[in-house]
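Quick notes on the structure that follows.
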2 protein chains.
Amino acid sequence: MLAERIGFLLAKLHQRWGAESVAVLREEGVGLTGMHFGALTLLRAAGPMSQQALGEMIGKDRSSMVAVVDDLEAEGLVERRRNPDDRRAYALEVTRRGDDWLARARPALQHAEDRLLATLDADERKALTGLLQRVLFDPA
Amino acid sequence: MLAERIGFLLAKLHQRWGAESVAVLREEGVGLTGMHFGALTLLRAAGPMSQQALGEMIGKDRSSMVAVVDDLEAEGLVERRRNPDDRRAYALEVTRRGDDWLARARPALQHAEDRLLATLDADERKALTGLLQRVLFDPA
DNA sequence: ACTGATCATCAGTAAAGCTGACGATCAGGC
DNA sequence: GCCTGATCGTCAGCTTTACTGATGATCAGT
């Protein structure tokens with residue numbers, strides 16, 4: 001049965017999430033995606049880093065990162081500072097406006113997430129994210 | 001924490017699955033994707049139907065379906081017969097070759113799935129697919 | 001027979017991501 | 001100090017994917 005295939009389920013759910021998240025973020029004025037939110041969140045959490053390092057975390061190559069950071073910079077959410085220890089690389093920094101946008105986008109995305117997972121109770125949501133994390137990050 | 005965001009987890013896992021499944025299917029000769037496999041499986045299970053009906057099940061509009069069915073037809077996996085009750089629409093049918101390819105692709109994808117979910121035991125895999133199914137298909 | 005809707009198709013467009021090249025820079029060996 | 005090879009960001013070009021809007025053929029209802 002196809003509905004037991006993890007690939008099918010992932011594709012469908014990811015697609016549905018894409019539609020929901022884009023719709024919610026569009027109401028936030030700035031026309032960015034969940035991917036931009038992820039990048040900015042990682043940058044905020046891990047501190048200034050190069051485009052390439054950020055790209056590895058979100059699964060994009062250095063070439064694709066140019067456009068992503070262009071988007072963020074055009075909205076004033078990050079700054080492309082130079083890394084004084086390696087002047088080839090940037091030291092991307094989240095701006096004040098970036099923090100503000102994160103503060104607005106976070107609850108909006110949380111709301112979209114609640115809607116997406118409406119059929120699950122709190123324990124089940126925790127179980128789902130826990131299983132996904134294990135698959136993704138468990139070294140075993 | 002970003003790693004608790006369902007959107008982030010879905011995006012990463014879907015991306016990883018895409019790489020795995022494409023690699024596995026490429027070894028099967030025919031250069032099709034997991035999406036083609038899903039379409040063919042649905043067609044096999046639900047019987048002959050129009051391109052549009054099939055597109056709704058896999059989340060693509062009728063326009064995009066042209067290329068998808070072109071791919072399948074070019075490999076001889078489906079036939080575009082006419083629906084005698086509605087001559088605007090096709091009655092897509094899985095061919096013998098389509099069945100053969102499904103028989104080869106199924107275990108290959110199962111293997112990729114086993115690798116992807118290697119960190120989970122059988123019960124956990126069942127729990128994961130069950131939760132995903134609930135999110136996707138539960139009317140509540 | 002006429003009207004409005006539907007199915008498949010196509011042309012044109014847009015977004016996303018890749019490869020391969022480039023200049024600028026770094027690190028290591030000599 | 002100077003070469004060599006590697007790395008960072010950028011760009012041009014390409015491919016893939018999916019969308020919109022238009023069209024011809026067909027259907028259903030009046």
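For the structure tokens, the naming scheme is as follows: chains receive sequential letters (A, B, ...) according to their order of presentation, residues are indexed from 1 within each chain, and ligands are indexed from 1 in presentation order.
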Picked from stretch 38-98 of chain B by DSSP as strand (DSSP E), as a compact mmCIF listing (two decimals) with C-alpha atoms, in the first residue's frame:
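Final output, saved to result31.txt:
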```txt
# COMPACT_ATOMS: atom_id res chain seq x y z
CA VAL B 78 1.28 3.13 -19.08
CA GLU B 79 -1.03 3.45 -22.06
CA ARG B 80 -3.19 6.43 -22.88
CA ARG B 81 -6.47 4.80 -23.80
CA ARG B 82 -9.60 6.81 -24.30
CA ASN B 83 -12.39 6.64 -21.79
CA ASP B 86 -15.98 10.62 -21.74
CA ARG B 87 -13.85 11.00 -24.81
CA ARG B 88 -12.18 14.16 -23.51
CA ALA B 89 -10.44 12.15 -20.81
CA TYR B 90 -7.96 9.32 -20.97
CA ALA B 91 -8.33 6.02 -19.23
CA LEU B 92 -4.72 5.52 -18.18
CA GLU B 93 -3.76 1.88 -17.90
CA VAL B 94 -0.72 0.20 -16.43
```
message = Using only C-alpha atoms (C1' of nucleotides) and a distance of at most 7 Å, pull out the residues of chain D that contact chain B, as an MDAnalysis selection string.
response = chainID D and resid 18 25:26
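By chain and then residue number, the residues within 9 Å of stretch 95-112 of chain A are Trp17, Glu20, Ser21, Ala23, Val24, Leu25, Glu27, Glu28, Val30, Gly34, Phe37, Leu40, Thr41, Arg44, Leu72, Glu75, Gly76, Leu77, Val78, Glu79, Glu93, Asp114, Arg115, Leu116 and Leu117 of chain A; Arg5 and Gly7 of chain B, counting only C-alpha atoms (C1' of nucleotides) and disregarding those fewer than 2 positions away in sequence.
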Counting only C-alpha atoms (C1' of nucleotides), which residues of chain C come no farther than 12 Å from chain A, as a PDB file with C-alpha atoms (C1' of nucleotides), in the first residue's frame?
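Okay, iface-v5.pdb is ready:
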```pdb
ATOM      1  C1'  DA C  15      11.668  29.603  -9.362  1.00  0.00           C
ATOM      2  C1'  DA C  16      15.191  26.404  -7.678  1.00  0.00           C
ATOM      3  C1'  DG C  17      19.297  24.126  -7.850  1.00  0.00           C
ATOM      4  C1'  DC C  18      23.194  22.374 -10.135  1.00  0.00           C
ATOM      5  C1'  DT C  19      27.970  22.636 -12.741  1.00  0.00           C
ATOM      6  C1'  DG C  20      31.984  24.827 -14.131  1.00  0.00           C
ATOM      7  C1'  DG C  23      39.036  36.450  -9.061  1.00  0.00           C
ATOM      8  C1'  DA C  24      40.410  37.003  -4.434  1.00  0.00           C
ATOM      9  C1'  DT C  25      42.343  34.980  -0.601  1.00  0.00           C
ATOM     10  C1'  DC C  26      44.497  31.531   2.435  1.00  0.00           C
ATOM     11  C1'  DA C  27      47.850  27.810   4.019  1.00  0.00           C
TER      12       DA C  27
END
```
Proximity of chain B to chain A: per-residue shortest pair, 9 Å limit, only C-alpha atoms, as a tab-separated table:
```
residue	atom	partner	partner_atom	distance
B:Met1	CA	A:Thr41	CA	8.3
B:Leu2	CA	A:Thr41	CA	6.9
B:Ala3	CA	A:Gln133	CA	7.2
B:Glu4	CA	A:Thr129	CA	6.3
B:Arg5	CA	A:Thr129	CA	7.8
B:Ile6	CA	A:Thr129	CA	6.5
B:Gly7	CA	A:Trp17	CA	6.7
B:Phe8	CA	A:Gly38	CA	7.0
B:Leu9	CA	A:Leu132	CA	6.5
B:Leu10	CA	A:His14	CA	5.8
B:Ala11	CA	A:His14	CA	6.5
B:Lys12	CA	A:Gly59	CA	7.4
B:Leu13	CA	A:Leu136	CA	6.7
B:His14	CA	A:Leu10	CA	5.8
B:Gln15	CA	A:Gly59	CA	8.2
B:Arg16	CA	A:Leu136	CA	8.9
B:Trp17	CA	A:Gly7	CA	6.7
B:Gly18	CA	A:Gly7	CA	8.1
B:Ser21	CA	A:Gly7	CA	8.4
B:Gly34	CA	A:Gly7	CA	7.5
B:Met35	CA	A:Phe8	CA	8.0
B:Gly38	CA	A:Leu2	CA	6.9
B:Thr41	CA	A:Leu2	CA	6.9
B:Leu42	CA	A:Leu2	CA	7.2
B:Ala45	CA	A:Met1	CA	8.4
B:Ile58	CA	A:Lys12	CA	7.7
B:Gly59	CA	A:Lys12	CA	7.4
B:Leu109	CA	A:Gly7	CA	9.0
B:Gln110	CA	A:Arg5	CA	8.5
B:Glu113	CA	A:Ile6	CA	7.2
B:Leu116	CA	A:Val135	CA	7.2
B:Leu117	CA	A:Val135	CA	5.9
B:Ala118	CA	A:Val135	CA	7.5
B:Thr119	CA	A:Val135	CA	5.9
B:Leu120	CA	A:Val135	CA	7.1
B:Glu124	CA	A:Leu131	CA	7.6
B:Arg125	CA	A:Leu131	CA	8.5
B:Lys126	CA	A:Glu4	CA	8.8
B:Ala127	CA	A:Leu128	CA	8.3
B:Leu128	CA	A:Leu128	CA	6.5
B:Thr129	CA	A:Glu4	CA	6.3
B:Gly130	CA	A:Glu4	CA	8.1
B:Leu131	CA	A:Leu128	CA	6.7
B:Leu132	CA	A:Leu9	CA	6.5
B:Gln133	CA	A:Leu9	CA	7.1
B:Arg134	CA	A:Thr119	CA	6.8
B:Val135	CA	A:Leu117	CA	5.9
B:Leu136	CA	A:Leu13	CA	6.7
B:Asp138	CA	A:Thr119	CA	6.9
B:Pro139	CA	A:Thr119	CA	8.3
B:Ala140	CA	A:Thr119	CA	6.3
```
Could the residues in this selection be written to a file with N, CA and C atoms, as a compact mmCIF listing (two decimals), in the first residue's frame?
```txt
# COMPACT_ATOMS: atom_id res chain seq x y z
N MET B 1 14.03 26.09 19.49
CA MET B 1 15.04 25.31 18.79
C MET B 1 14.53 24.85 17.41
N LEU B 2 15.34 25.09 16.41
CA LEU B 2 14.89 24.79 15.05
C LEU B 2 14.66 23.30 14.83
N ALA B 3 15.45 22.48 15.50
CA ALA B 3 15.35 21.04 15.29
C ALA B 3 14.04 20.47 15.82
N GLU B 4 13.23 21.30 16.48
CA GLU B 4 11.91 20.84 16.92
C GLU B 4 10.82 21.28 15.95
N ARG B 5 11.21 22.10 14.99
CA ARG B 5 10.24 22.59 14.02
C ARG B 5 9.92 21.52 12.99
N ILE B 6 8.66 21.22 12.91
CA ILE B 6 8.25 20.14 12.01
C ILE B 6 8.63 20.47 10.57
N GLY B 7 8.56 21.73 10.21
CA GLY B 7 8.88 22.11 8.83
C GLY B 7 10.34 21.83 8.50
N PHE B 8 11.21 22.16 9.42
CA PHE B 8 12.64 21.91 9.23
C PHE B 8 12.91 20.42 9.10
N LEU B 9 12.32 19.65 9.99
CA LEU B 9 12.54 18.20 9.96
C LEU B 9 11.99 17.60 8.68
N LEU B 10 10.82 18.03 8.28
CA LEU B 10 10.23 17.50 7.05
C LEU B 10 11.09 17.84 5.84
N ALA B 11 11.55 19.07 5.78
CA ALA B 11 12.33 19.49 4.63
C ALA B 11 13.61 18.67 4.53
N LYS B 12 14.30 18.52 5.64
CA LYS B 12 15.56 17.78 5.63
C LYS B 12 15.34 16.32 5.26
N LEU B 13 14.34 15.72 5.87
CA LEU B 13 14.13 14.30 5.63
C LEU B 13 13.64 14.05 4.20
N HIS B 14 12.79 14.92 3.73
CA HIS B 14 12.31 14.77 2.37
C HIS B 14 13.46 14.91 1.38
N GLN B 15 14.33 15.83 1.67
CA GLN B 15 15.50 16.03 0.82
C GLN B 15 16.39 14.80 0.83
N ARG B 16 16.61 14.27 2.01
CA ARG B 16 17.47 13.08 2.10
C ARG B 16 16.84 11.90 1.38
N TRP B 17 15.53 11.77 1.53
CA TRP B 17 14.82 10.69 0.85
C TRP B 17 14.92 10.85 -0.66
N GLY B 18 14.79 12.08 -1.12
CA GLY B 18 14.90 12.31 -2.56
C GLY B 18 16.22 11.82 -3.10
N SER B 21 16.31 7.86 -2.88
CA SER B 21 15.41 7.16 -3.79
C SER B 21 15.85 7.32 -5.23
N GLY B 34 10.68 8.69 -7.60
CA GLY B 34 9.71 8.14 -6.68
C GLY B 34 8.30 8.61 -6.98
N MET B 35 8.21 9.81 -7.55
CA MET B 35 6.89 10.33 -7.91
C MET B 35 6.24 9.49 -9.00
N GLY B 38 4.99 6.41 -7.40
CA GLY B 38 3.74 6.64 -6.67
C GLY B 38 2.56 6.72 -7.61
N THR B 41 1.77 3.27 -8.90
CA THR B 41 1.18 2.44 -7.86
C THR B 41 -0.28 2.79 -7.62
N LEU B 42 -0.57 4.09 -7.59
CA LEU B 42 -1.95 4.52 -7.41
C LEU B 42 -2.83 4.06 -8.56
N ALA B 45 -3.57 0.47 -8.22
CA ALA B 45 -4.49 0.16 -7.12
C ALA B 45 -5.92 0.62 -7.40
N ILE B 58 -1.64 12.74 -6.45
CA ILE B 58 -0.22 12.94 -6.17
C ILE B 58 0.12 14.41 -6.01
N GLY B 59 -0.90 15.27 -6.03
CA GLY B 59 -0.65 16.67 -5.72
C GLY B 59 -0.06 17.49 -6.86
N LEU B 109 13.09 0.38 -3.56
CA LEU B 109 12.69 1.48 -2.69
C LEU B 109 12.57 1.03 -1.25
N GLN B 110 12.16 -0.22 -1.06
CA GLN B 110 12.09 -0.75 0.30
C GLN B 110 13.49 -0.74 0.92
N GLU B 113 14.37 2.68 1.88
CA GLU B 113 13.61 3.05 3.07
C GLU B 113 14.25 2.46 4.33
N LEU B 116 17.18 4.53 5.16
CA LEU B 116 16.81 5.84 5.70
C LEU B 116 16.40 5.74 7.16
N LEU B 117 15.64 4.69 7.48
CA LEU B 117 15.07 4.56 8.82
C LEU B 117 15.89 3.59 9.68
N ALA B 118 17.16 3.44 9.35
CA ALA B 118 17.98 2.43 10.02
C ALA B 118 18.01 2.60 11.53
N THR B 119 17.84 3.82 12.00
CA THR B 119 17.95 4.05 13.45
C THR B 119 16.68 3.68 14.21
N LEU B 120 15.62 3.35 13.47
CA LEU B 120 14.36 3.00 14.13
C LEU B 120 14.11 1.50 14.04
N GLU B 124 8.90 1.36 15.95
CA GLU B 124 9.04 2.81 15.79
C GLU B 124 8.70 3.24 14.36
N ARG B 125 9.09 2.42 13.41
CA ARG B 125 8.74 2.75 12.03
C ARG B 125 7.23 2.75 11.84
N LYS B 126 6.62 1.78 12.45
CA LYS B 126 5.16 1.71 12.35
C LYS B 126 4.52 2.94 13.00
N ALA B 127 5.08 3.33 14.14
CA ALA B 127 4.54 4.50 14.84
C ALA B 127 4.71 5.75 13.96
N LEU B 128 5.87 5.87 13.34
CA LEU B 128 6.13 7.04 12.49
C LEU B 128 5.16 7.09 11.31
N THR B 129 5.03 6.01 10.59
CA THR B 129 4.11 6.03 9.45
C THR B 129 2.68 6.23 9.92
N GLY B 130 2.34 5.65 11.07
CA GLY B 130 0.99 5.84 11.58
C GLY B 130 0.68 7.29 11.89
N LEU B 131 1.65 7.96 12.52
CA LEU B 131 1.44 9.38 12.84
C LEU B 131 1.33 10.21 11.57
N LEU B 132 2.20 9.93 10.62
CA LEU B 132 2.14 10.69 9.37
C LEU B 132 0.80 10.47 8.66
N GLN B 133 0.33 9.24 8.67
CA GLN B 133 -0.96 8.96 8.04
C GLN B 133 -2.09 9.71 8.74
N ARG B 134 -2.03 9.72 10.06
CA ARG B 134 -3.09 10.44 10.80
C ARG B 134 -3.10 11.91 10.41
N VAL B 135 -1.92 12.51 10.37
CA VAL B 135 -1.84 13.93 10.02
C VAL B 135 -2.40 14.18 8.63
N LEU B 136 -2.08 13.27 7.72
CA LEU B 136 -2.46 13.50 6.33
C LEU B 136 -3.91 13.16 6.04
N ASP B 138 -6.51 11.82 8.39
CA ASP B 138 -7.58 11.83 9.37
C ASP B 138 -8.52 13.00 9.10
N PRO B 139 -9.80 12.69 8.89
CA PRO B 139 -10.75 13.77 8.61
C PRO B 139 -10.96 14.67 9.82
N ALA B 140 -10.85 14.10 11.01
CA ALA B 140 -11.03 14.91 12.23
C ALA B 140 -10.10 16.10 12.21
```
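Put simply, atom C1' of C:DC22 is 25.6 Å away from atom C1' of D:DT16.
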query = Could you state the separation of atom C1' of C:DT9 and atom CA of B:Asp71 in Å, given to one decimal place?
reply = 15.1 Å
message = So that I can check the secondary structure, give me every residue of stretch 93-132 of chain B assigned helix (DSSP H, G or I) by backbone DSSP, as JSON, numbers by chain.
response = {"B": [96, 97, 98, 99, 100, 101, 102, 103, 104, 105, 106, 107, 108, 109, 110, 111, 112, 113, 114, 115, 116, 122, 123, 124, 125, 126, 127, 128, 129, 130, 131, 132]}
Can you spit out the residues from that selection as a CSV table (one decimal), in the first residue's frame, using N, CA and C atoms?
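That gives us part-v8.csv:
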```csv
chain,number,residue,atom,x,y,z
B,96,ARG,N,1.9,-4.2,-19.0
B,96,ARG,CA,2.7,-5.3,-18.5
B,96,ARG,C,4.1,-4.9,-18.1
B,97,ARG,N,4.7,-4.0,-18.9
B,97,ARG,CA,6.0,-3.5,-18.6
B,97,ARG,C,5.9,-2.6,-17.3
B,98,GLY,N,4.8,-1.9,-17.2
B,98,GLY,CA,4.6,-1.2,-15.9
B,98,GLY,C,4.6,-2.0,-14.7
B,99,ASP,N,3.9,-3.1,-14.8
B,99,ASP,CA,3.9,-4.1,-13.7
B,99,ASP,C,5.3,-4.6,-13.4
B,100,ASP,N,6.0,-4.9,-14.5
B,100,ASP,CA,7.4,-5.4,-14.3
B,100,ASP,C,8.2,-4.4,-13.6
B,101,TRP,N,8.1,-3.2,-14.0
B,101,TRP,CA,9.0,-2.1,-13.4
B,101,TRP,C,8.6,-1.9,-11.9
B,102,LEU,N,7.3,-1.9,-11.6
B,102,LEU,CA,6.8,-1.8,-10.3
B,102,LEU,C,7.4,-3.0,-9.4
B,103,ALA,N,7.5,-4.2,-10.0
B,103,ALA,CA,8.0,-5.3,-9.3
B,103,ALA,C,9.5,-5.1,-9.0
B,104,ARG,N,10.2,-4.5,-9.9
B,104,ARG,CA,11.6,-4.3,-9.6
B,104,ARG,C,11.8,-3.1,-8.7
B,105,ALA,N,11.0,-2.0,-8.9
B,105,ALA,CA,11.3,-0.8,-8.1
B,105,ALA,C,10.9,-0.9,-6.7
B,106,ARG,N,9.8,-1.8,-6.4
B,106,ARG,CA,9.3,-1.9,-5.1
B,106,ARG,C,10.4,-2.3,-4.1
B,107,PRO,N,11.1,-3.4,-4.3
B,107,PRO,CA,12.1,-3.8,-3.3
B,107,PRO,C,13.2,-2.9,-3.3
B,108,ALA,N,13.6,-2.2,-4.4
B,108,ALA,CA,14.7,-1.3,-4.4
B,108,ALA,C,14.3,-0.1,-3.5
B,109,LEU,N,13.1,0.4,-3.6
B,109,LEU,CA,12.7,1.5,-2.7
B,109,LEU,C,12.6,1.0,-1.2
B,110,GLN,N,12.2,-0.2,-1.1
B,110,GLN,CA,12.1,-0.7,0.3
B,110,GLN,C,13.5,-0.7,0.9
B,111,HIS,N,14.4,-1.1,0.1
B,111,HIS,CA,15.8,-1.1,0.6
B,111,HIS,C,16.3,0.3,1.0
B,112,ALA,N,15.9,1.3,0.1
B,112,ALA,CA,16.3,2.7,0.4
B,112,ALA,C,15.6,3.1,1.7
B,113,GLU,N,14.4,2.7,1.9
B,113,GLU,CA,13.6,3.1,3.1
B,113,GLU,C,14.2,2.5,4.3
B,114,ASP,N,14.7,1.2,4.2
B,114,ASP,CA,15.3,0.6,5.4
B,114,ASP,C,16.6,1.3,5.7
B,115,ARG,N,17.3,1.8,4.7
B,115,ARG,CA,18.5,2.5,5.1
B,115,ARG,C,18.2,3.9,5.7
B,116,LEU,N,17.2,4.5,5.2
B,116,LEU,CA,16.8,5.8,5.7
B,116,LEU,C,16.4,5.7,7.2
B,122,ALA,N,11.3,-1.8,14.2
B,122,ALA,CA,10.1,-2.0,13.5
B,122,ALA,C,8.9,-1.3,14.1
B,123,ASP,N,8.8,-1.3,15.4
B,123,ASP,CA,7.7,-0.7,16.1
B,123,ASP,C,7.7,0.8,15.9
B,124,GLU,N,8.9,1.4,16.0
B,124,GLU,CA,9.0,2.8,15.8
B,124,GLU,C,8.7,3.2,14.4
B,125,ARG,N,9.1,2.4,13.4
B,125,ARG,CA,8.7,2.8,12.0
B,125,ARG,C,7.2,2.8,11.8
B,126,LYS,N,6.6,1.8,12.4
B,126,LYS,CA,5.2,1.7,12.3
B,126,LYS,C,4.5,2.9,13.0
B,127,ALA,N,5.1,3.3,14.1
B,127,ALA,CA,4.5,4.5,14.8
B,127,ALA,C,4.7,5.7,14.0
B,128,LEU,N,5.9,5.9,13.3
B,128,LEU,CA,6.1,7.0,12.5
B,128,LEU,C,5.2,7.1,11.3
B,129,THR,N,5.0,6.0,10.6
B,129,THR,CA,4.1,6.0,9.4
B,129,THR,C,2.7,6.2,9.9
B,130,GLY,N,2.3,5.6,11.1
B,130,GLY,CA,1.0,5.8,11.6
B,130,GLY,C,0.7,7.3,11.9
B,131,LEU,N,1.6,8.0,12.5
B,131,LEU,CA,1.4,9.4,12.8
B,131,LEU,C,1.3,10.2,11.6
B,132,LEU,N,2.2,9.9,10.6
B,132,LEU,CA,2.1,10.7,9.4
B,132,LEU,C,0.8,10.5,8.7
```
task = Give me, please, the distance in Å between atom CA of A:Ala67 and atom C1' of D:DG5, quoted to one decimal.
result = 28.3 Å
task = Give me the residues within 12 Å of C:DC30 as a ChimeraX atom specification, counting only C-alpha atoms (C1' of nucleotides) and dropping any in the same chain fewer than 5 places off.
result = /D:1-4
